[in-house]
>>> print(open('entry.cif').read())   # mmCIF, C-alpha atoms
data_target
loop_
_atom_site.label_atom_id
_atom_site.label_comp_id
_atom_site.auth_asym_id
_atom_site.auth_seq_id
_atom_site.Cartn_x
_atom_site.Cartn_y
_atom_site.Cartn_z
CA MET G 1 16.93 -211.76 11.10
CA SER G 2 16.32 -211.56 7.36
CA GLU G 3 14.02 -214.61 7.34
CA MET G 4 10.43 -214.21 8.50
CA PRO G 5 9.53 -216.51 11.43
CA LEU G 6 6.86 -219.11 10.82
CA PRO G 7 3.40 -217.51 11.19
CA ILE G 8 1.55 -218.63 14.31
CA LEU G 9 -1.62 -219.21 12.23
CA GLU G 10 -2.76 -219.24 8.64
CA PRO G 11 -4.05 -215.79 7.60
CA ALA G 12 -7.73 -216.81 7.57
CA ALA G 13 -7.51 -218.33 11.06
CA PHE G 14 -5.64 -215.28 12.41
CA GLN G 15 -8.20 -212.90 10.90
CA HIS G 16 -11.13 -214.94 12.23
CA ARG G 17 -9.81 -214.95 15.79
CA LEU G 18 -8.95 -211.27 15.77
CA LEU G 19 -12.22 -210.08 14.23
CA GLU G 20 -14.29 -212.32 16.49
CA TRP G 21 -12.57 -210.67 19.48
CA PHE G 22 -12.99 -207.21 17.93
CA ASP G 23 -16.72 -207.68 17.35
CA ARG G 24 -17.11 -208.62 20.99
CA ALA G 25 -14.61 -206.37 22.78
CA GLY G 26 -13.16 -203.85 20.34
CA ARG G 27 -13.76 -200.10 20.26
CA HIS G 28 -16.67 -199.15 18.01
CA ASP G 29 -17.76 -195.73 19.30
CA LEU G 30 -14.69 -193.55 18.73
CA PRO G 31 -15.56 -190.13 17.25
CA TRP G 32 -13.62 -190.72 14.03
CA GLN G 33 -15.46 -194.01 13.48
CA GLN G 34 -18.85 -192.31 13.24
CA GLU G 35 -18.10 -190.63 9.92
CA ARG G 36 -15.08 -192.28 8.35
CA THR G 37 -14.13 -189.68 5.79
CA PRO G 38 -10.48 -189.60 4.70
CA TYR G 39 -10.09 -186.18 6.35
CA ARG G 40 -11.45 -187.23 9.75
CA VAL G 41 -9.49 -190.49 9.75
CA TRP G 42 -6.32 -188.61 8.76
CA VAL G 43 -6.64 -186.07 11.59
CA SER G 44 -7.32 -188.84 14.12
CA GLU G 45 -4.35 -190.92 12.94
CA ILE G 46 -1.97 -187.97 13.25
CA MET G 47 -3.26 -187.13 16.73
CA LEU G 48 -2.99 -190.78 17.79
CA GLN G 49 0.70 -190.99 16.92
CA GLN G 50 2.43 -191.53 20.30
CA THR G 51 -0.72 -190.41 22.14
CA GLN G 52 -3.43 -192.46 23.86
CA VAL G 53 -7.04 -192.53 22.62
CA ALA G 54 -8.48 -191.06 25.84
CA THR G 55 -6.20 -188.03 25.52
CA VAL G 56 -6.94 -187.54 21.83
CA ILE G 57 -10.76 -187.63 21.92
CA PRO G 58 -11.41 -184.12 23.32
CA TYR G 59 -8.71 -182.61 21.10
CA PHE G 60 -10.18 -184.32 18.04
CA GLU G 61 -13.69 -183.10 18.83
CA ARG G 62 -12.54 -179.50 19.32
CA PHE G 63 -10.45 -179.68 16.16
CA MET G 64 -13.35 -180.98 14.08
CA ALA G 65 -15.69 -178.35 15.48
CA ARG G 66 -13.33 -175.60 14.33
CA PHE G 67 -12.03 -177.27 11.15
CA PRO G 68 -14.80 -179.56 9.87
CA SER G 69 -13.19 -179.79 6.44
CA LEU G 70 -9.73 -179.98 4.95
CA ALA G 71 -10.33 -176.71 3.11
CA GLU G 72 -11.05 -174.89 6.39
CA LEU G 73 -7.91 -176.33 7.95
CA ALA G 74 -5.83 -175.23 4.97
CA ALA G 75 -7.28 -171.71 5.12
CA ALA G 76 -6.48 -171.28 8.83
CA SER G 77 -3.33 -169.71 10.21
CA GLN G 78 -0.66 -171.86 11.79
CA ASP G 79 -1.23 -170.02 15.07
CA GLU G 80 -4.85 -171.08 15.19
CA VAL G 81 -3.98 -174.70 14.39
CA LEU G 82 -1.28 -174.82 17.07
CA HIS G 83 -3.59 -173.13 19.57
CA LEU G 84 -5.95 -176.12 19.29
CA TRP G 85 -2.95 -178.47 19.46
CA THR G 86 -1.56 -176.91 22.66
CA GLY G 87 -1.14 -179.59 25.31
CA LEU G 88 -1.28 -182.52 22.88
CA GLY G 89 2.49 -182.49 22.46
CA TYR G 90 4.75 -183.41 19.55
CA TYR G 91 3.86 -180.13 17.84
CA ALA G 92 5.54 -181.04 14.56
CA ARG G 93 2.44 -183.18 13.99
CA GLY G 94 0.23 -180.10 14.05
CA ARG G 95 2.55 -178.12 11.81
CA ASN G 96 2.76 -180.99 9.33
CA LEU G 97 -1.01 -181.48 9.37
CA HIS G 98 -1.48 -177.83 8.42
CA LYS G 99 1.27 -177.95 5.81
CA ALA G 100 -0.15 -181.13 4.28
CA ALA G 101 -3.66 -179.62 4.11
CA ARG G 102 -2.34 -176.66 2.13
CA HIS G 103 -0.40 -179.00 -0.16
CA VAL G 104 -3.52 -181.09 -0.79
CA VAL G 105 -5.49 -177.99 -1.72
CA ALA G 106 -2.74 -176.79 -4.04
CA GLU G 107 -1.78 -180.12 -5.64
CA HIS G 108 -4.71 -182.52 -5.23
CA GLY G 109 -7.79 -180.36 -5.65
CA GLY G 110 -8.53 -180.34 -1.93
CA GLU G 111 -9.02 -184.13 -1.70
CA LEU G 112 -6.61 -186.47 0.09
CA PRO G 113 -5.03 -188.79 -2.53
CA VAL G 114 -6.36 -191.99 -0.94
CA SER G 115 -6.24 -193.79 -4.29
CA SER G 116 -2.45 -193.91 -4.04
CA LEU G 117 -0.55 -195.15 -1.00
CA GLU G 118 2.64 -193.61 -2.38
CA ALA G 119 1.12 -190.15 -2.94
CA LEU G 120 -0.50 -190.17 0.49
CA ALA G 121 2.69 -191.31 2.22
CA GLU G 122 4.63 -188.43 0.65
CA LEU G 123 2.53 -185.79 2.43
CA PRO G 124 4.17 -184.13 5.46
CA GLY G 125 3.76 -186.18 8.62
CA ILE G 126 2.10 -189.20 6.98
CA GLY G 127 4.42 -192.04 5.96
CA ARG G 128 3.74 -195.66 5.10
CA SER G 129 1.80 -196.98 8.13
CA THR G 130 -0.35 -193.89 8.63
CA ALA G 131 -1.14 -193.86 4.91
CA GLY G 132 -2.21 -197.49 5.14
CA ALA G 133 -4.46 -196.76 8.13
CA ILE G 134 -6.12 -193.82 6.34
CA ILE G 135 -6.81 -195.86 3.20
CA ALA G 136 -8.00 -198.98 5.03
CA GLN G 137 -10.32 -197.16 7.41
CA SER G 138 -11.76 -194.55 5.06
CA THR G 139 -12.08 -196.58 1.85
CA GLY G 140 -12.09 -200.23 2.98
CA ARG G 141 -9.38 -201.10 0.47
CA ARG G 142 -6.60 -203.45 1.50
CA ALA G 143 -3.70 -201.57 3.03
CA VAL G 144 -1.17 -202.72 5.62
CA ILE G 145 -0.31 -200.89 8.84
CA LEU G 146 2.57 -201.23 11.29
CA ASP G 147 2.17 -198.68 14.07
CA GLY G 148 3.66 -199.09 17.55
CA ASN G 149 0.79 -201.24 18.82
CA VAL G 150 1.03 -203.61 15.86
CA LYS G 151 4.82 -203.87 16.13
CA ARG G 152 4.55 -204.81 19.78
CA SER G 153 1.81 -207.38 19.17
CA LEU G 154 3.52 -209.10 16.26
CA ALA G 155 6.87 -209.11 18.04
CA ARG G 156 5.31 -210.85 21.06
CA LEU G 157 3.19 -213.30 19.10
CA HIS G 158 6.25 -214.47 17.18
CA ALA G 159 8.94 -213.81 19.82
CA VAL G 160 10.82 -211.61 17.36
CA GLU G 161 14.29 -210.82 18.65
CA GLY G 162 15.72 -207.34 18.38
CA TRP G 163 14.53 -203.76 18.79
CA PRO G 164 11.74 -202.97 16.24
CA GLY G 165 13.45 -199.68 15.42
CA ARG G 166 16.24 -201.60 13.67
CA THR G 167 15.75 -201.77 9.90
CA ALA G 168 16.03 -205.56 9.69
CA VAL G 169 13.54 -206.14 12.52
CA GLU G 170 11.07 -203.62 11.13
CA ARG G 171 11.30 -205.19 7.68
CA LEU G 172 10.47 -208.59 9.17
CA LEU G 173 7.46 -207.17 11.05
CA TRP G 174 6.17 -205.56 7.85
CA ARG G 175 6.25 -208.98 6.19
CA LEU G 176 4.24 -210.47 9.03
CA ALA G 177 1.71 -207.62 8.88
CA GLU G 178 1.40 -208.10 5.12
CA HIS G 179 0.90 -211.85 5.61
CA TYR G 180 -2.05 -211.44 7.99
CA THR G 181 -3.88 -208.45 6.42
CA PRO G 182 -7.13 -209.58 4.73
CA ASP G 183 -8.89 -208.44 1.56
CA ARG G 184 -12.25 -208.07 3.33
CA ARG G 185 -13.33 -206.15 6.43
CA VAL G 186 -10.05 -204.28 6.14
CA ALA G 187 -11.26 -201.25 8.11
CA ASP G 188 -12.35 -203.44 11.01
CA PHE G 189 -9.18 -205.54 10.84
CA THR G 190 -7.01 -202.42 10.94
CA GLN G 191 -8.89 -201.02 13.94
CA ALA G 192 -8.80 -204.45 15.57
CA MET G 193 -5.01 -204.67 15.28
CA MET G 194 -4.64 -201.24 16.88
CA ASP G 195 -7.18 -202.04 19.62
CA PHE G 196 -5.55 -205.40 20.32
CA GLY G 197 -2.20 -203.76 21.00
CA ALA G 198 -3.69 -200.88 22.96
CA THR G 199 -6.06 -202.82 25.22
CA LEU G 200 -4.78 -206.41 25.44
CA CYS G 201 -1.18 -206.70 24.28
CA ARG G 202 -0.25 -203.63 26.31
CA ARG G 203 3.26 -202.34 26.76
CA GLY G 204 3.56 -202.88 30.50
CA MET G 205 1.28 -205.75 31.48
CA PRO G 206 -0.44 -207.67 28.66
CA ASP G 207 -3.84 -209.21 29.44
CA CYS G 208 -2.94 -212.70 28.25
CA GLY G 209 -6.00 -214.31 29.85
CA SER G 210 -8.30 -212.40 27.46
CA CYS G 211 -6.11 -212.78 24.40
CA PRO G 212 -7.54 -214.66 21.39
CA PHE G 213 -4.00 -215.89 20.62
CA GLU G 214 -3.02 -217.08 24.09
CA ASP G 215 -2.62 -220.69 22.96
CA VAL G 216 -0.30 -219.86 20.05
CA CYS G 217 1.65 -216.81 21.30
CA MET G 218 5.33 -217.71 21.38
CA ALA G 219 6.31 -215.11 24.00
CA HIS G 220 3.52 -216.35 26.28
CA ALA G 221 4.58 -219.97 25.80
CA ARG G 222 8.04 -219.00 27.05
CA GLY G 223 6.66 -216.89 29.90
CA GLU G 224 8.57 -213.94 28.41
CA GLU G 225 5.76 -211.60 27.38
CA ARG G 226 7.47 -208.57 28.90
CA ARG G 227 10.76 -209.27 27.15
CA PHE G 228 9.20 -208.66 23.74
CA PRO G 229 9.57 -206.44 21.91
CA GLU G 230 13.10 -205.58 22.91
CA SER G 231 13.58 -202.02 24.13
CA LYS G 232 15.62 -199.41 22.40
CA PRO G 233 19.15 -199.35 23.80
CA LYS G 234 19.08 -196.77 26.56
CA LYS G 235 21.19 -193.67 26.66
CA ALA G 236 21.52 -191.30 29.59
CA LEU G 237 18.93 -188.54 29.27
CA PRO G 238 20.87 -185.29 28.96
CA THR G 239 19.78 -182.17 30.84
CA ARG G 240 19.69 -178.67 29.43
CA THR G 241 19.03 -175.44 31.31
CA THR G 242 17.36 -172.24 30.24
CA LEU G 243 16.17 -168.93 31.64
CA MET G 244 12.67 -167.85 30.57
CA LEU G 245 12.10 -164.11 30.73
CA VAL G 246 8.72 -163.18 32.24
CA LEU G 247 8.66 -159.51 31.20
CA ARG G 248 5.45 -157.72 32.25
CA ASP G 249 4.22 -154.19 31.70
CA VAL G 250 2.09 -152.00 33.99
CA GLU G 251 -1.08 -153.60 32.61
CA GLY G 252 0.07 -157.07 33.62
CA ARG G 253 0.70 -158.25 30.06
CA VAL G 254 3.56 -160.63 29.32
CA LEU G 255 5.95 -160.35 26.39
CA LEU G 256 5.94 -163.42 24.14
CA GLU G 257 7.91 -164.23 21.03
CA GLN G 258 7.29 -166.77 18.30
CA ARG G 259 9.82 -169.56 18.03
CA PRO G 260 11.42 -170.57 14.71
CA ALA G 261 9.30 -172.82 12.49
CA SER G 262 11.53 -175.85 13.10
CA GLY G 263 13.13 -177.21 16.23
CA LEU G 264 11.91 -177.21 19.83
CA TRP G 265 8.32 -175.92 20.08
CA GLY G 266 8.58 -174.85 16.44
CA GLY G 267 6.11 -172.14 15.47
CA LEU G 268 4.68 -171.83 18.98
CA TRP G 269 4.69 -168.70 21.11
CA GLY G 270 6.78 -168.70 24.25
CA LEU G 271 8.80 -166.66 26.68
CA PRO G 272 12.18 -165.38 25.47
CA GLN G 273 14.84 -167.92 26.44
CA PHE G 274 18.47 -167.40 27.39
CA ASP G 275 21.44 -169.50 28.41
CA ASP G 276 22.37 -167.26 31.35
CA LEU G 277 21.51 -164.03 33.13
CA ALA G 278 24.16 -162.04 31.30
CA ALA G 279 22.59 -162.90 27.93
CA LEU G 280 19.14 -162.05 29.28
CA GLN G 281 20.34 -158.69 30.59
CA ALA G 282 22.06 -157.89 27.29
CA TRP G 283 18.80 -158.62 25.45
CA LEU G 284 16.88 -156.32 27.81
CA ASP G 285 19.43 -153.54 27.30
CA VAL G 286 18.71 -153.64 23.57
CA HIS G 287 15.00 -154.52 23.36
CA ALA G 288 13.55 -153.31 26.68
CA PRO G 289 15.83 -150.65 28.18
CA GLY G 290 14.71 -149.60 31.62
CA ALA G 291 13.33 -153.00 32.58
CA ALA G 292 13.88 -153.97 36.22
CA ILE G 293 14.80 -157.58 37.04
CA ASP G 294 13.34 -159.23 40.13
CA SER G 295 14.44 -162.36 41.98
CA PRO G 296 14.12 -165.55 39.91
CA TRP G 297 11.31 -167.95 40.59
CA PRO G 298 12.03 -171.58 41.55
CA ALA G 299 13.20 -173.76 38.67
CA PHE G 300 11.08 -176.59 37.31
CA SER G 301 11.66 -179.34 34.75
CA HIS G 302 9.97 -180.33 31.49
CA THR G 303 10.94 -183.72 30.06
CA PHE G 304 11.05 -184.45 26.34
CA SER G 305 11.65 -187.81 24.69
CA HIS G 306 15.37 -187.10 24.21
CA PHE G 307 16.32 -184.64 26.97
CA ARG G 308 15.17 -182.87 30.11
CA LEU G 309 14.88 -179.10 30.20
CA ASP G 310 15.42 -177.32 33.53
CA ILE G 311 13.59 -173.99 33.35
CA THR G 312 14.15 -170.99 35.62
CA PRO G 313 11.53 -168.23 35.17
CA GLN G 314 13.16 -164.82 35.48
CA PRO G 315 10.57 -162.07 36.16
CA ALA G 316 11.12 -158.47 35.13
CA GLN G 317 8.92 -155.41 34.76
CA ILE G 318 8.89 -152.38 32.55
CA PRO G 319 6.72 -149.24 32.66
CA GLY G 320 6.03 -149.35 28.95
CA LEU G 321 7.45 -150.34 25.60
CA ASP G 322 6.67 -148.46 22.38
CA SER G 323 7.48 -151.36 20.06
CA VAL G 324 8.13 -155.02 20.77
CA GLY G 325 9.43 -155.84 17.28
CA GLU G 326 8.40 -158.38 14.67
CA GLY G 327 7.61 -161.85 15.94
CA ARG G 328 6.75 -160.63 19.45
CA CYS G 329 3.51 -159.62 21.15
CA TRP G 330 2.04 -158.61 24.48
CA TYR G 331 -0.08 -161.42 25.96
CA ASP G 332 -2.83 -160.70 28.48
CA PRO G 333 -3.23 -163.71 30.86
CA GLY G 334 -6.67 -162.40 31.83
CA ASN G 335 -7.86 -162.27 28.23
CA PRO G 336 -5.69 -164.83 26.39
CA GLU G 337 -5.36 -164.83 22.63
CA ARG G 338 -5.97 -167.94 20.52
CA ILE G 339 -2.34 -168.73 19.76
CA GLY G 340 -0.25 -171.88 20.08
CA LEU G 341 1.72 -171.99 23.32
CA ALA G 342 4.44 -174.35 24.50
CA ALA G 343 2.96 -176.51 27.29
CA PRO G 344 5.15 -175.26 30.19
CA VAL G 345 4.65 -171.66 29.04
CA LYS G 346 0.88 -172.15 28.92
CA SER G 347 0.91 -173.48 32.48
CA LEU G 348 3.12 -170.64 33.65
CA LEU G 349 0.93 -167.97 32.04
CA ALA G 350 -2.26 -169.55 33.38
CA SER G 351 -0.90 -169.26 36.91
CA LEU G 352 -0.21 -165.53 36.69
CA SER G 353 -2.50 -162.94 38.22
CA PRO G 354 -2.73 -159.42 36.76
CA PHE G 355 -0.38 -156.81 38.21
CA THR G 356 1.74 -159.19 40.27
CA LEU G 357 5.23 -160.51 39.91
CA THR G 358 4.91 -162.98 42.78
CA ALA G 359 6.06 -166.48 41.93
CA PRO G 360 3.02 -168.60 41.01
CA LYS G 361 2.13 -171.41 43.39
CA GLY G 362 3.51 -174.77 42.42
CA LEU G 363 6.75 -173.46 40.92
#
>>> encode(input="entry.cif", output="structure tokens")
Amino acid sequence: MSEMPLPILEPAAFQHRLLEWFDRAGRHDLPWQQERTPYRVWVSEIMLQQTQVATVIPYFERFMARFPSLAELAAASQDEVLHLWTGLGYYARGRNLHKAARHVVAEHGGELPVSSLEALAELPGIGRSTAGAIIAQSTGRRAVILDGNVKRSLARLHAVEGWPGRTAVERLLWRLAEHYTPDRRVADFTQAMMDFGATLCRRGMPDCGSCPFEDVCMAHARGEERRFPESKPKKALPTRTTLMLVLRDVEGRVLLEQRPASGLWGGLWGLPQFDDLAALQAWLDVHAPGAAIDSPWPAFSHTFSHFRLDITPQPAQIPGLDSVGEGRCWYDPGNPERIGLAAPVKSLLASLSPFTLTAPKGL
């Protein structure tokens, strides 16, 4: 696996085929293509990590409307950033985007260091491929990318054995990406590689009949397009359980608390969580004495990449509470605040009606 497989084409021929296809069938009207500043490209690349273009577009447009510059993003609170990220998932991306913006203001004069791949890749949440995409698309300078779409495409075109997450396989794919990347039209080539993987060399069912490399693709020649790239060795998805306390006061407000900065839903606001009813009751005895517990609502599941979380909402009510303590707040579902919420909590809160503790429909 240490030796690079023979390229399917010489670089110039590969580039010509890909760019000819891109000019005819690629994506040219994406919001971040209209004004390719380093800041706009950076935000789009972070949002596009593990997320499809169609999902990202409305989030990107809202984000740019509120934070049109890096300085405005850096000056915002984390809550406001995560509020606009709510529903996009993988919230560490939003936290890192905010952290990186503040670092750039403090250490780089408010300008992304696009003159240095190394400096850019050191920023929180960026890394080698994303740094290459930002430089290539915002400056036009030669920089190599290897995101998930490119890994899949190169692995199929060359019938590369092994899971791309393995160090040796990834190193080989980087060498192939380096081999094919041009010195000219780098921004278009970079977008073309991403579009090719997203729209033609798709994960489930590649569109080989429209592929500019159909005659030279090694996986296609073998009739094994769906075998490449090899999947990550599967492990059984573990299941965790939690109780979420839905504590409401006489005004219909719900008690929320902010989660720790790192870990699951880091920095977001959510419902207090407990391993069992005894722990929940002990917490109420200390923090909300006099609260009355009602019957639990039906459990529902939320699946993450590495485990499934079974959630049981546990409603309770309290006449009043003088102080909720640091890191907690009362949330009014009828007049919601602009704070970052964990996706299942947002859905749960949106389903609540004022002054009722009836289980929301759909749970």
>>> resolve_selection(input="entry.cif", expression="the PyMOL selection byres ((chain G and resi 174) around 10)", output="list in words")
Met4, Ser129, Val144, Ile145, Leu146, Val150, Lys151, Leu154, Val169, Glu170, Arg171, Leu172, Leu173, Arg175, Leu176, Ala177, Glu178 and His179 of chain G
>>> resolve_selection(input="entry.cif", expression="the PyMOL selection byres ((chain G and resi 201-218) around 8)", output="JSON, numbers by chain")
{"G": [8, 9, 17, 18, 21, 149, 152, 153, 156, 157, 158, 159, 196, 197, 198, 199, 200, 219, 220, 221, 222, 225, 226]}
>>> residues_around(input="entry.cif", residues="Pro233 of chain G", least_positions_apart="4", cutoff="12 Å", atoms="all atoms listed in the file", output="list in words")
Gly162, Trp163, Pro164, Gly165 and Arg166 of chain G
>>> closest_residue(input="entry.cif", among="G:Arg93, G:Arg338, G:Arg308, G:Lys346", to="Ser77 of chain G", atoms="all atoms listed in the file")
G:Arg338
>>> residues_around(input="entry.cif", residues="His306 of chain G", least_positions_apart="6", cutoff="12 Å", atoms="all atoms listed in the file", output="MDAnalysis selection string")
chainID G and resid 234:240 264
>>> residues_around(input="entry.cif", residues="Ser115 of chain G", least_positions_apart="5", cutoff="9 Å", atoms="only C-alpha atoms", output="number ranges by chain")
G: 120, 135, 139
>>> atom_distance(input="entry.cif", atom1="atom CA of Ala25 of chain G", atom2="atom CA of Pro68 of chain G")
29.8 Å
>>> resolve_selection(input="entry.cif", expression="the PyMOL selection byres ((chain G and resi 249) around 7)", output="list in words")
Leu247, Arg248, Val250, Glu251, Gly252, Arg253, Val254, Gln317, Ile318, Pro319 and Gly320 of chain G
